[in-house]
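Let me begin by presenting the structure, written as structure tokens, before commenting on it.
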Amino acid sequence: MADTYCPDCKRPTEVVFDHSAGDTVCSECGLVLEAHSIDETSEWRTFANESTDNDPVRVGGPSNPLLADGGLSTVISKPTGASGDFLTTSLGRWQNRGSNPDRSLIQAFKTIATMSDRLGLVATIKDRANEIYKKVEDQKPLRGRNQDAILAACLYIACRQEDKPRTVKEICSVANGATKKEIGRAKEYIVKQLEVELGQSMEMGTIHAGDFLRRFCSHLGMNNQAVKAAQEAVQKSEELDIRRSPISIAAAIIYIITQLSEDKKLLKDISLSTGVAEGTIRNSYKDLYPYAARIIPSWYAKEDDLKNLCSP
Amino acid sequence: MAARRNNPSGIVPTIQNIVSTVDLDCVLDLNHIAQHSRNSEYFPKRFSAVIMRIKDPKTTALIFASGKMVCTGAKTEAQSKLAARKFERIIQKLGFPAKFRDFRIQNIVASCDVQFTIRLEKFACTSHGAFSTYEPELFPGLIYRMKQPKLVLLIFVSGNVVIAGAKKRDDFYTAFDNIYPVLAEFKK
């Protein structure tokens, strides 16, 4: 039902849209204004529990410029019903046995996709990791190393390049079997390769405690006040001479902030969500304790609360 | 010896370790050497060389069956050469016609303290970032690969600097002279 200008009645009239025939008909004089209109709603609906035999999809996946042929994938399928002559059944098998120039690449991309899924990373980071892997793939010195370590290192570099760094321990947790050392070595190697190829355009900034703070806080379920206080504290702590890894400093600051609030988090919980060992958090706490008054913002905790802070 | 060039700070790096190689120019029977000398170990399954140690100068040598030898642990070039000669003497006494060919110092490791704390993150961000690698998660020191002379410096927040990869004493003096003003810029 809509109001459109009808040429016969020469004035705007009530117009009815007939879905079955796709006609737009004037309700007063019956003139068909538009016929055969194209229905743009969805053709079919897909349910999770339905069998995949009758898949009406006519298109493949999005074209991937990283793959050799753009990701075109047409395969000869097995004929339904009676497996008739030898040719039709074997053709499918023969096609798949033929060398796929991209098979290892596709496998690697799949692994990167699984890892980035587990970490909850956006597609941008995943695509960047794919690009990086494509650049360094299949070079002789790489062959010796653990394939998982290389893929994990690609992901690590991609996260750093997008300014959303992930700690090596976090990447370790989703990379099956690669150790921190292996990923570190692979990362150094890849960075060197990329610099050689692109000519010095690889600028990955150093990591700072603040980059990780937001994420660690949300893992622990801290409230907004606490998160803001922690971020301010981290900013102030950068000027101090504390010789600890930025991750350990972040973990120690989270510990201090949570000890000051009502919602005290256990050392164990902080250790689990940040990946920093409990002993390290305690030591970093010892280093930060003398400066507590300087780094904790005054709107969050008063002097007396700081005195209540347990001395390490 | 020429006078040591000192930069205005008066700090001179001290050598911690020298690695040198020498060719004894004869095939050696490692089992014989290991059995007939007191201060050596030889586990062919683990490593295919005899590891021999002498007390003065306090050094360790890796002696291979081909006659090549690696001497590590000396604190000066002269000591390294002396130690290599002592090892060669031991091999000679065991009955092999050892000679002393191609004595070459392969690597000198030196360290020093610039006496002030250094801001490593700032260092890595500047124009020197092309040569630096600073990953606090992986290693607490900044790895600076100097191109001229070609060696590696490990720079720590405390101000300690380790210089490795020099083949001559002058190399690391030059390197330290080059790096000292840069470090002074990033004093904390």
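Ordered as shown in the structure tokens, chains take letters A, B, and onward, while each chain numbers its residues from 1 and ligands are numbered from 1 in the order shown.
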- Message: Could you list, as a VMD selection string, every residue within 9 Å of B:Cys71, counting only C-alpha atoms and ignoring same-chain residues fewer than 6 positions away?
- Response: chain B and resid 18 to 22 59 to 63 80 to 81 83 to 84 87
- Message: So that I can see what lies close to stretch 203-214 of chain A, please list as a list in words the residues with an atom at most 8 Å from it, counting only C-alpha atoms and leaving out residues fewer than 2 positions away in the same chain.
- Response: Arg160, Gln161, Lys164, Pro165, Arg166, Gln200, Ser201, Phe216, Cys217, Ser218, Val227, Ala230, Gln231, Val234, Gln235, Pro246, Ile247, Ile249 and Ala250 of chain A; Glu121, Ala124, Cys125, Tyr134, Glu135 and Pro136 of chain B
- Task: Find the residue from B:Val152, B:Met146, B:Val12, B:Leu120 that sits nearest to chain A; use only C-alpha atoms when measuring.
- Result: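 Using only C-alpha atoms, the shortest distance to chain A belongs to B:Leu120.
The nearest approach to B:Lys58 among the residues B:Arg104, B:Lys86, B:Arg145, B:Lys45, with only C-alpha atoms taken into account, belongs to B:Lys86.
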Please report, as a tab-separated table, each residue of chain B lying at most 12 Å from chain A, together with the nearest pair of atoms and the separation in Å rounded to one decimal; use only C-alpha atoms, and order rows by chain and ascending residue number.
```
residue	atom	partner	partner_atom	distance
B:Phe116	CA	A:Asp241	CA	11.4
B:Thr117	CA	A:Asp241	CA	8.3
B:Ile118	CA	A:Asp241	CA	9.6
B:Arg119	CA	A:Asp241	CA	9.2
B:Leu120	CA	A:Thr206	CA	9.4
B:Glu121	CA	A:Thr206	CA	6.3
B:Lys122	CA	A:Thr206	CA	9.0
B:Phe123	CA	A:Thr206	CA	10.2
B:Ala124	CA	A:Thr206	CA	7.6
B:Cys125	CA	A:Gly205	CA	6.8
B:Thr126	CA	A:Gly205	CA	10.4
B:Ser127	CA	A:Glu203	CA	11.0
B:His128	CA	A:Glu203	CA	11.7
B:Gly129	CA	A:Glu203	CA	8.3
B:Ala130	CA	A:Gln200	CA	7.2
B:Phe131	CA	A:Gln200	CA	10.2
B:Ser132	CA	A:Thr206	CA	11.0
B:Thr133	CA	A:Glu188	CA	8.8
B:Tyr134	CA	A:Thr206	CA	6.9
B:Glu135	CA	A:Thr206	CA	6.8
B:Pro136	CA	A:Ser245	CA	5.6
B:Glu137	CA	A:Ser245	CA	6.2
B:Leu138	CA	A:Gly184	CA	6.7
B:Phe139	CA	A:Ser245	CA	9.1
B:Pro140	CA	A:Ser245	CA	7.4
B:Gly141	CA	A:Arg243	CA	10.6
B:Leu142	CA	A:Thr206	CA	10.9
B:Ile143	CA	A:Glu188	CA	11.4
B:Phe156	CA	A:Arg243	CA	9.7
B:Val157	CA	A:Arg243	CA	7.1
B:Ser158	CA	A:Arg243	CA	8.3
B:Gly159	CA	A:Arg243	CA	11.7
B:Lys187	CA	A:Asp241	CA	11.4
B:Lys188	CA	A:Asp241	CA	8.1
```
- Enter the distance from atom CA of A:Asp85 to atom CA of A:Val57, in Å, rounded to one decimal.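 These two atoms are separated by 27.7 Å.
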- Could you write out, as a VMD selection string, all the residues of stretch 101-174 of chain B that DSSP marks as alpha helix (DSSP H)? chain B and resid 120 to 125 169 to 174
